[in-house]
Amino acid sequence: MSYNFDEIIQTLRMTELDHFDIRTVTLGISLRDCASRNADTTAQKIYDKITRVAQNHVENARKVERLYGISIANKRIAVTPIAIACDGLSADEFVKIAHALDRAAMECGVDYIAGYSALVQKGYTNGDREMIKSIPQALAETKRVCSSVNVASTKAGINMNAVLEMAHVIKKTALLTKDNDGIGCAKLVVFCNVPEDNPFVAGAFHGVTEAEVVLNVGISGPGVVLDAIRRLGKSDFMALAEEIKKTSFKITRAGEIIGRKTAEGLGVPFGIVDLSLAPTPAIGDSIADIIEAMGLESVGAPGTTAALALLNESVKKGGIMATSSVGGMSGAFIPVSEDQGMIRAVELGHLSIEKLEAMTAVCSVGLDMIAIPGKTPAETIAGIIADECAIGMVNNKTTAVRILPIHGKDVGEFVDYGGLLGRAPIMPVRNLDSSVFVTRGGQIPPPIRSLTN
Amino acid sequence: MKKLTPQEIEKITQAAMKELGPSATPEKIHQIVADVVSELERGAPSITLSPEKISSEGKVIVTAFGKNQPGILFQITKALFELNFDIQDVSQKIVQDFFTLIIIVDISKSAGDFNQLKTRLTQTGEQLGIRVFVQHEDIFKSMYRV
């Protein structure tokens, strides 16, 4: 037999028991050619282009799922940052664009469309300013649109005006969507060093240097890594790293072939594989469980950051051999509400925002899906964003903040969004004043490592 | 690319005149109408997609799991025979009461396609009370062969 019995059984074990799936196939579509003299025509052109290019996206991905027997959890769409594609519109007109995106996503049968975004790490254009102003209303009035704003980079430093403004935008979005526990904020990410080919919504968009259309794939598989570590039992760190690398190799190869076939079926170029371990609220599909399986009593215990660094590095090393097209975030995600183990650790008081912040220095993304009391001042949220940006800027990596100030709720309560967004216990935030610092205005200059030439 | 009818262009001209009000001059109206018409006629930006048919070639790996009972191999191979699929290899293990069956099937030479095979074998599995998985071999090739 050309295939080993155990290899076939192992693959089925991965998909059937360990929740292995491809997290997302995301179709990136350029909207740079949709600009027009008036907002209604632009909105119509955007709607027409997306629905034409992506009309078979979901159906095509289902065919690939059937062919390989591996589920693709999400089929999504990313577009050119709207502030760039539609520069020149007013805030009200940007909201019309958001509605067009929402309708296009519905028509194509995708649950989220991302790219309601702006890149302002060094400064605002008039269009950026108007677009950012429109975010709370756009997120409150649409279901499927996701937004992100890049406010810092290693090259440009941190645009502290944008940091403070985004803190206010987050607060306002939470208020406008308070009847749904601030769900608007779950669709809004503030970035430092945002990758332009990230397939993972909510922070996805189709970068301005990308081709007309491209298909990117995000892998998943914390459950598979967890199972491998548990079976390995007691071993030294080298053996542990080896085991994670082998597992990561296999899941990346699966991601690569599924991405390529999906792209072929749509007739679009294949972009990148994002080597990220993305948890889901399902039991066992958890990054926290992996850290605990390595020998820590709970995520949050001293040693957590080291364990996460080992995991993250090994996933990358295993994956890099498996595909030549690495991109996106590529690192373990640590969203709180989407990871059963993280939720448990927060509820038991084992995990604080400060420890999560430390963890973000060694893995991808940042403070993700963290619910905080609704009364937290915007200046404090700006301080949290600035801290995350500083980690990203100095370490030349992506960091992000997706924080949920839950209107009318306080520490001890929780919000439940259901589905992949999960359930978030409200975490305490230090009640210290940051307002004089964050309202200074202007730019925090880039670090010395930005001078690489 | 669609051409606008004279009636549609007339409508646009009327709208432009109304919008401009007293500031309307023939030049201004001509400019606006020309812009709008050219934009509409250009229509939504075009892009060419060249989709390829998702594989109906190569080999497929059929795996069946379940409590052992007489006739499992027979029922599954019967289904494959009826759809005219060529079996390349069969391997079966029984541990206590549970069996695992793996069959490699060539789908390139059959008139039937992958979807037919998958639907039929899933039905057969349901009738027998066992689980049947049907996957294209490429996934195993890419995961286990460097």
# chains A, B, ... in the order shown; residues from 1 in each chain; ligands from 1
$ interface_residues --of "chain A" --to "chain B" --cutoff "7 Å" --atoms "only C-alpha atoms" --output "PDB file with C-alpha atoms, in the first residue's frame"
ATOM      1  CA  MET A   1       0.000   0.000   0.000  1.00  0.00           C
ATOM      2  CA  ASP A  33     -10.462  50.803  -9.350  1.00  0.00           C
ATOM      3  CA  CYS A  34     -13.858  51.487  -7.784  1.00  0.00           C
ATOM      4  CA  LYS A  45     -19.160  49.576  -8.158  1.00  0.00           C
ATOM      5  CA  ASP A  48     -20.756  44.791  -8.208  1.00  0.00           C
ATOM      6  CA  LYS A  49     -17.070  43.933  -8.133  1.00  0.00           C
ATOM      7  CA  LEU A  67     -12.571  16.509  -1.697  1.00  0.00           C
ATOM      8  CA  TYR A  68     -10.085  16.349   1.176  1.00  0.00           C
ATOM      9  CA  GLY A  69     -12.411  15.659   4.066  1.00  0.00           C
ATOM     10  CA  LYS A 250       1.641  18.511   8.691  1.00  0.00           C
ATOM     11  CA  ARG A 253       0.997  21.232   4.334  1.00  0.00           C
ATOM     12  CA  ALA A 254      -2.726  20.563   4.597  1.00  0.00           C
ATOM     13  CA  GLU A 264      -7.375  27.068  -8.581  1.00  0.00           C
ATOM     14  CA  GLY A 265     -11.093  26.398  -8.337  1.00  0.00           C
ATOM     15  CA  LEU A 266     -11.797  30.132  -8.285  1.00  0.00           C
ATOM     16  CA  GLY A 267      -9.247  30.936 -10.977  1.00  0.00           C
ATOM     17  CA  VAL A 268      -7.328  33.404  -8.810  1.00  0.00           C
TER      18      VAL A 268
END
$ residues_around --residues "Asp179 in chain A" --least-positions-apart "3" --cutoff "12 Å" --atoms "only C-alpha atoms" --output "PDB file with all heavy atoms, in the first residue's frame"
ATOM      1  N   ALA A 140     -22.074  49.755  13.873  1.00  0.00           N
ATOM      2  CA  ALA A 140     -23.369  49.580  14.545  1.00  0.00           C
ATOM      3  C   ALA A 140     -24.466  49.237  13.544  1.00  0.00           C
ATOM      4  O   ALA A 140     -25.409  48.523  13.866  1.00  0.00           O
ATOM      5  CB  ALA A 140     -23.718  50.847  15.317  1.00  0.00           C
ATOM      6  N   THR A 173     -18.155  52.977  19.741  1.00  0.00           N
ATOM      7  CA  THR A 173     -18.675  51.757  19.108  1.00  0.00           C
ATOM      8  C   THR A 173     -19.359  50.886  20.165  1.00  0.00           C
ATOM      9  O   THR A 173     -20.439  50.328  19.933  1.00  0.00           O
ATOM     10  CB  THR A 173     -17.526  50.976  18.435  1.00  0.00           C
ATOM     11  OG1 THR A 173     -16.859  51.849  17.533  1.00  0.00           O
ATOM     12  CG2 THR A 173     -18.039  49.769  17.684  1.00  0.00           C
ATOM     13  N   ALA A 174     -18.722  50.789  21.337  1.00  0.00           N
ATOM     14  CA  ALA A 174     -19.312  49.991  22.432  1.00  0.00           C
ATOM     15  C   ALA A 174     -20.668  50.568  22.828  1.00  0.00           C
ATOM     16  O   ALA A 174     -21.635  49.830  23.060  1.00  0.00           O
ATOM     17  CB  ALA A 174     -18.369  49.972  23.629  1.00  0.00           C
ATOM     18  N   LEU A 175     -20.740  51.887  22.862  1.00  0.00           N
ATOM     19  CA  LEU A 175     -21.991  52.538  23.266  1.00  0.00           C
ATOM     20  C   LEU A 175     -23.088  52.318  22.219  1.00  0.00           C
ATOM     21  O   LEU A 175     -24.224  51.957  22.554  1.00  0.00           O
ATOM     22  CB  LEU A 175     -21.720  54.037  23.459  1.00  0.00           C
ATOM     23  CG  LEU A 175     -22.874  54.869  23.995  1.00  0.00           C
ATOM     24  CD1 LEU A 175     -23.227  54.430  25.415  1.00  0.00           C
ATOM     25  CD2 LEU A 175     -22.521  56.349  23.997  1.00  0.00           C
ATOM     26  N   LEU A 176     -22.741  52.505  20.953  1.00  0.00           N
ATOM     27  CA  LEU A 176     -23.747  52.354  19.892  1.00  0.00           C
ATOM     28  C   LEU A 176     -24.226  50.907  19.763  1.00  0.00           C
ATOM     29  O   LEU A 176     -25.308  50.650  19.239  1.00  0.00           O
ATOM     30  CB  LEU A 176     -23.198  52.825  18.540  1.00  0.00           C
ATOM     31  CG  LEU A 176     -22.962  54.332  18.374  1.00  0.00           C
ATOM     32  CD1 LEU A 176     -22.505  54.641  16.952  1.00  0.00           C
ATOM     33  CD2 LEU A 176     -24.210  55.129  18.683  1.00  0.00           C
ATOM     34  N   GLY A 182     -21.850  45.372  23.111  1.00  0.00           N
ATOM     35  CA  GLY A 182     -20.692  46.000  22.460  1.00  0.00           C
ATOM     36  C   GLY A 182     -20.067  45.159  21.365  1.00  0.00           C
ATOM     37  O   GLY A 182     -18.848  45.200  21.159  1.00  0.00           O
ATOM     38  N   ILE A 183     -20.901  44.401  20.639  1.00  0.00           N
ATOM     39  CA  ILE A 183     -20.354  43.485  19.625  1.00  0.00           C
ATOM     40  C   ILE A 183     -19.554  44.219  18.545  1.00  0.00           C
ATOM     41  O   ILE A 183     -18.652  43.654  17.945  1.00  0.00           O
ATOM     42  CB  ILE A 183     -21.462  42.617  18.989  1.00  0.00           C
ATOM     43  CG1 ILE A 183     -20.867  41.558  18.057  1.00  0.00           C
ATOM     44  CG2 ILE A 183     -22.453  43.445  18.172  1.00  0.00           C
ATOM     45  CD1 ILE A 183     -21.346  40.199  18.286  1.00  0.00           C
ATOM     46  N   GLY A 184     -19.883  45.508  18.338  1.00  0.00           N
ATOM     47  CA  GLY A 184     -19.139  46.301  17.345  1.00  0.00           C
ATOM     48  C   GLY A 184     -17.646  46.267  17.615  1.00  0.00           C
ATOM     49  O   GLY A 184     -16.828  46.213  16.691  1.00  0.00           O
ATOM     50  N   ILE A 406     -17.434  46.972  28.009  1.00  0.00           N
ATOM     51  CA  ILE A 406     -18.839  46.544  27.985  1.00  0.00           C
ATOM     52  C   ILE A 406     -19.710  47.513  28.785  1.00  0.00           C
ATOM     53  O   ILE A 406     -19.624  47.572  30.014  1.00  0.00           O
ATOM     54  CB  ILE A 406     -18.995  45.106  28.524  1.00  0.00           C
ATOM     55  CG1 ILE A 406     -18.045  44.165  27.787  1.00  0.00           C
ATOM     56  CG2 ILE A 406     -20.447  44.647  28.390  1.00  0.00           C
ATOM     57  CD1 ILE A 406     -18.257  44.061  26.296  1.00  0.00           C
ATOM     58  N   HIS A 407     -20.553  48.212  28.063  1.00  0.00           N
ATOM     59  CA  HIS A 407     -21.377  49.254  28.656  1.00  0.00           C
ATOM     60  C   HIS A 407     -22.258  48.682  29.773  1.00  0.00           C
ATOM     61  O   HIS A 407     -22.973  47.712  29.573  1.00  0.00           O
ATOM     62  CB  HIS A 407     -22.241  49.864  27.560  1.00  0.00           C
ATOM     63  CG  HIS A 407     -22.782  51.194  27.944  1.00  0.00           C
ATOM     64  ND1 HIS A 407     -22.023  52.341  27.885  1.00  0.00           N
ATOM     65  CD2 HIS A 407     -23.988  51.555  28.421  1.00  0.00           C
ATOM     66  CE1 HIS A 407     -22.750  53.347  28.299  1.00  0.00           C
ATOM     67  NE2 HIS A 407     -23.940  52.910  28.623  1.00  0.00           N
ATOM     68  N   GLY A 408     -22.191  49.286  30.947  1.00  0.00           N
ATOM     69  CA  GLY A 408     -23.078  48.887  32.052  1.00  0.00           C
ATOM     70  C   GLY A 408     -22.632  47.616  32.774  1.00  0.00           C
ATOM     71  O   GLY A 408     -23.339  47.130  33.649  1.00  0.00           O
ATOM     72  N   LYS A 409     -21.492  47.054  32.411  1.00  0.00           N
ATOM     73  CA  LYS A 409     -21.040  45.848  33.108  1.00  0.00           C
ATOM     74  C   LYS A 409     -19.684  46.087  33.775  1.00  0.00           C
ATOM     75  O   LYS A 409     -18.935  46.960  33.386  1.00  0.00           O
ATOM     76  CB  LYS A 409     -20.953  44.668  32.137  1.00  0.00           C
ATOM     77  CG  LYS A 409     -22.326  44.191  31.693  1.00  0.00           C
ATOM     78  CD  LYS A 409     -22.281  42.813  31.098  1.00  0.00           C
ATOM     79  CE  LYS A 409     -23.703  42.369  30.778  1.00  0.00           C
ATOM     80  NZ  LYS A 409     -23.757  41.129  30.032  1.00  0.00           N
ATOM     81  N   VAL A 415     -19.644  38.656  29.156  1.00  0.00           N
ATOM     82  CA  VAL A 415     -20.458  38.794  27.949  1.00  0.00           C
ATOM     83  C   VAL A 415     -20.366  37.498  27.163  1.00  0.00           C
ATOM     84  O   VAL A 415     -19.330  36.850  27.155  1.00  0.00           O
ATOM     85  CB  VAL A 415     -19.997  39.942  27.029  1.00  0.00           C
ATOM     86  CG1 VAL A 415     -20.463  41.258  27.559  1.00  0.00           C
ATOM     87  CG2 VAL A 415     -18.498  39.930  26.822  1.00  0.00           C
ATOM     88  N   TYR A 417     -21.083  36.062  23.358  1.00  0.00           N
ATOM     89  CA  TYR A 417     -21.459  36.340  21.975  1.00  0.00           C
ATOM     90  C   TYR A 417     -21.887  35.074  21.245  1.00  0.00           C
ATOM     91  O   TYR A 417     -22.452  35.131  20.172  1.00  0.00           O
ATOM     92  CB  TYR A 417     -20.289  36.980  21.213  1.00  0.00           C
ATOM     93  CG  TYR A 417     -19.861  38.310  21.777  1.00  0.00           C
ATOM     94  CD1 TYR A 417     -18.599  38.482  22.312  1.00  0.00           C
ATOM     95  CD2 TYR A 417     -20.735  39.398  21.776  1.00  0.00           C
ATOM     96  CE1 TYR A 417     -18.203  39.707  22.827  1.00  0.00           C
ATOM     97  CE2 TYR A 417     -20.350  40.618  22.295  1.00  0.00           C
ATOM     98  CZ  TYR A 417     -19.086  40.763  22.822  1.00  0.00           C
ATOM     99  OH  TYR A 417     -18.701  41.965  23.324  1.00  0.00           O
TER     100      TYR A 417
END
$ select_by_dssp --residues "range 66-143 of chain A" --states "strand (DSSP E)" --output "ChimeraX atom specification"
/A:72-79,113-119
$ residues_around --residues "Ala118 in chain A" --least-positions-apart "3" --cutoff "12 Å" --atoms "only C-alpha atoms" --output "VMD selection string"
chain A and resid 79 to 87 94 114 to 115 121 to 135 146 to 152 162 166 188 to 191 194 196 203 to 208
$ select_by_dssp --residues "range 51-100 of chain A" --states "helix (DSSP H, G or I)" --output "PDB file with C-alpha atoms, in the first residue's frame"
ATOM      1  CA  THR A  51     -20.311  39.991  -5.845  1.00  0.00           C
ATOM      2  CA  ARG A  52     -18.892  39.145  -9.241  1.00  0.00           C
ATOM      3  CA  VAL A  53     -15.458  38.043  -8.060  1.00  0.00           C
ATOM      4  CA  ALA A  54     -16.638  36.245  -4.922  1.00  0.00           C
ATOM      5  CA  HIS A  57     -16.192  31.620  -3.158  1.00  0.00           C
ATOM      6  CA  VAL A  58     -18.268  29.729  -0.590  1.00  0.00           C
ATOM      7  CA  GLU A  59     -19.468  27.007  -2.957  1.00  0.00           C
ATOM      8  CA  ASN A  60     -15.938  26.463  -4.269  1.00  0.00           C
ATOM      9  CA  ALA A  61     -14.489  26.180  -0.743  1.00  0.00           C
ATOM     10  CA  ARG A  62     -17.177  23.597   0.106  1.00  0.00           C
ATOM     11  CA  LYS A  63     -16.091  21.501  -2.874  1.00  0.00           C
ATOM     12  CA  VAL A  64     -12.503  21.529  -1.613  1.00  0.00           C
ATOM     13  CA  GLU A  65     -13.700  20.559   1.864  1.00  0.00           C
ATOM     14  CA  ARG A  66     -15.512  17.559   0.434  1.00  0.00           C
ATOM     15  CA  LEU A  67     -12.571  16.509  -1.697  1.00  0.00           C
ATOM     16  CA  TYR A  68     -10.085  16.349   1.176  1.00  0.00           C
ATOM     17  CA  ILE A  82     -11.590  51.569   2.401  1.00  0.00           C
ATOM     18  CA  ALA A  83      -9.919  54.839   3.415  1.00  0.00           C
ATOM     19  CA  ILE A  84      -7.535  54.326   0.473  1.00  0.00           C
ATOM     20  CA  ALA A  85     -10.062  52.959  -2.017  1.00  0.00           C
ATOM     21  CA  ALA A  91     -18.009  60.236   7.092  1.00  0.00           C
ATOM     22  CA  ASP A  92     -21.669  59.823   6.090  1.00  0.00           C
ATOM     23  CA  GLU A  93     -20.642  58.647   2.662  1.00  0.00           C
ATOM     24  CA  PHE A  94     -18.216  56.123   4.160  1.00  0.00           C
ATOM     25  CA  VAL A  95     -21.146  54.609   6.042  1.00  0.00           C
ATOM     26  CA  LYS A  96     -22.847  54.047   2.669  1.00  0.00           C
ATOM     27  CA  ILE A  97     -19.753  52.133   1.565  1.00  0.00           C
ATOM     28  CA  ALA A  98     -19.971  50.013   4.729  1.00  0.00           C
ATOM     29  CA  HIS A  99     -23.568  49.143   3.839  1.00  0.00           C
ATOM     30  CA  ALA A 100     -22.493  48.179   0.321  1.00  0.00           C
TER      31      ALA A 100
END
$ residues_around --residues "Phe85 in chain B" --least-positions-apart "4" --cutoff "10 Å" --atoms "only C-alpha atoms" --output "list of chain:residue names"
B:Thr77, B:Ala79, B:Leu80, B:Phe81, B:Val105, B:Asp106, B:Ile107, B:Ser108, B:Lys109, B:Ser110, B:Ala111, B:Gly112, B:Asp113, B:Leu117
$ atom_distance --atom1 "CA of Lys171 in chain A" --atom2 "CA of Gln137 in chain A"
12.0 Å
$ decode --residues "range 355-388 of chain A" --atoms "N, CA and C atoms" --output "short mmCIF file (atom, residue, chain, number, x, y, z; two decimals), in the first residue's frame"
data_model
loop_
_atom_site.label_atom_id
_atom_site.label_comp_id
_atom_site.auth_asym_id
_atom_site.auth_seq_id
_atom_site.Cartn_x
_atom_site.Cartn_y
_atom_site.Cartn_z
N LYS A 355 -0.21 40.34 32.30
CA LYS A 355 0.45 39.10 31.88
C LYS A 355 0.17 38.83 30.40
N LEU A 356 -1.07 39.11 29.99
CA LEU A 356 -1.40 38.95 28.57
C LEU A 356 -0.52 39.85 27.71
N GLU A 357 -0.28 41.05 28.22
CA GLU A 357 0.55 42.00 27.47
C GLU A 357 1.97 41.44 27.30
N ALA A 358 2.49 40.84 28.37
CA ALA A 358 3.83 40.24 28.27
C ALA A 358 3.83 39.12 27.24
N MET A 359 2.75 38.33 27.25
CA MET A 359 2.67 37.21 26.31
C MET A 359 2.66 37.69 24.85
N THR A 360 2.08 38.88 24.64
CA THR A 360 1.99 39.38 23.26
C THR A 360 3.36 39.75 22.70
N ALA A 361 4.36 39.85 23.57
CA ALA A 361 5.71 40.16 23.08
C ALA A 361 6.31 38.97 22.35
N VAL A 362 5.78 37.77 22.59
CA VAL A 362 6.39 36.57 21.98
C VAL A 362 5.43 35.79 21.08
N CYS A 363 4.24 36.32 20.83
CA CYS A 363 3.36 35.60 19.91
C CYS A 363 2.72 36.62 18.99
N SER A 364 1.89 36.15 18.07
CA SER A 364 1.32 37.11 17.13
C SER A 364 0.16 37.86 17.76
N VAL A 365 -0.18 38.93 17.16
CA VAL A 365 -1.27 39.80 17.56
C VAL A 365 -1.05 40.33 18.98
N GLY A 366 -2.11 40.41 19.78
CA GLY A 366 -1.91 41.12 21.03
C GLY A 366 -3.06 40.92 21.98
N LEU A 367 -3.49 42.02 22.58
CA LEU A 367 -4.60 41.95 23.53
C LEU A 367 -5.87 41.76 22.71
N ASP A 368 -6.34 40.52 22.68
CA ASP A 368 -7.37 40.17 21.72
C ASP A 368 -8.62 39.67 22.43
N MET A 369 -9.74 40.27 22.09
CA MET A 369 -11.05 39.87 22.64
C MET A 369 -11.03 39.89 24.17
N ILE A 370 -10.63 41.05 24.70
CA ILE A 370 -10.59 41.21 26.14
C ILE A 370 -11.70 42.17 26.56
N ALA A 371 -12.61 41.67 27.39
CA ALA A 371 -13.70 42.53 27.87
C ALA A 371 -13.24 43.26 29.12
N ILE A 372 -13.52 44.56 29.17
CA ILE A 372 -13.17 45.38 30.34
C ILE A 372 -14.41 46.16 30.77
N PRO A 373 -14.41 46.72 31.98
CA PRO A 373 -15.60 47.46 32.42
C PRO A 373 -15.91 48.63 31.48
N GLY A 374 -17.21 48.86 31.26
CA GLY A 374 -17.63 49.93 30.34
C GLY A 374 -17.23 51.30 30.83
N LYS A 375 -17.03 51.42 32.13
CA LYS A 375 -16.70 52.75 32.68
C LYS A 375 -15.22 53.11 32.47
N THR A 376 -14.41 52.19 31.95
CA THR A 376 -12.97 52.50 31.75
C THR A 376 -12.83 53.74 30.86
N PRO A 377 -12.09 54.77 31.33
CA PRO A 377 -11.97 55.99 30.51
C PRO A 377 -11.24 55.74 29.19
N ALA A 378 -11.58 56.53 28.17
CA ALA A 378 -10.92 56.40 26.86
C ALA A 378 -9.42 56.59 27.00
N GLU A 379 -9.00 57.47 27.92
CA GLU A 379 -7.55 57.74 28.08
C GLU A 379 -6.82 56.49 28.57
N THR A 380 -7.49 55.71 29.42
CA THR A 380 -6.87 54.46 29.90
C THR A 380 -6.76 53.46 28.75
N ILE A 381 -7.82 53.37 27.95
CA ILE A 381 -7.77 52.47 26.78
C ILE A 381 -6.64 52.92 25.84
N ALA A 382 -6.49 54.24 25.69
CA ALA A 382 -5.41 54.76 24.84
C ALA A 382 -4.05 54.33 25.41
N GLY A 383 -3.93 54.34 26.72
CA GLY A 383 -2.68 53.88 27.36
C GLY A 383 -2.40 52.42 27.04
N ILE A 384 -3.46 51.60 27.10
CA ILE A 384 -3.31 50.16 26.79
C ILE A 384 -2.87 49.99 25.34
N ILE A 385 -3.50 50.73 24.44
CA ILE A 385 -3.14 50.63 23.01
C ILE A 385 -1.69 51.07 22.81
N ALA A 386 -1.31 52.18 23.47
CA ALA A 386 0.06 52.70 23.31
C ALA A 386 1.07 51.66 23.79
N ASP A 387 0.77 50.99 24.91
CA ASP A 387 1.70 49.95 25.41
C ASP A 387 1.88 48.83 24.39
N GLU A 388 0.76 48.37 23.84
CA GLU A 388 0.83 47.28 22.84
C GLU A 388 1.63 47.74 21.63
#
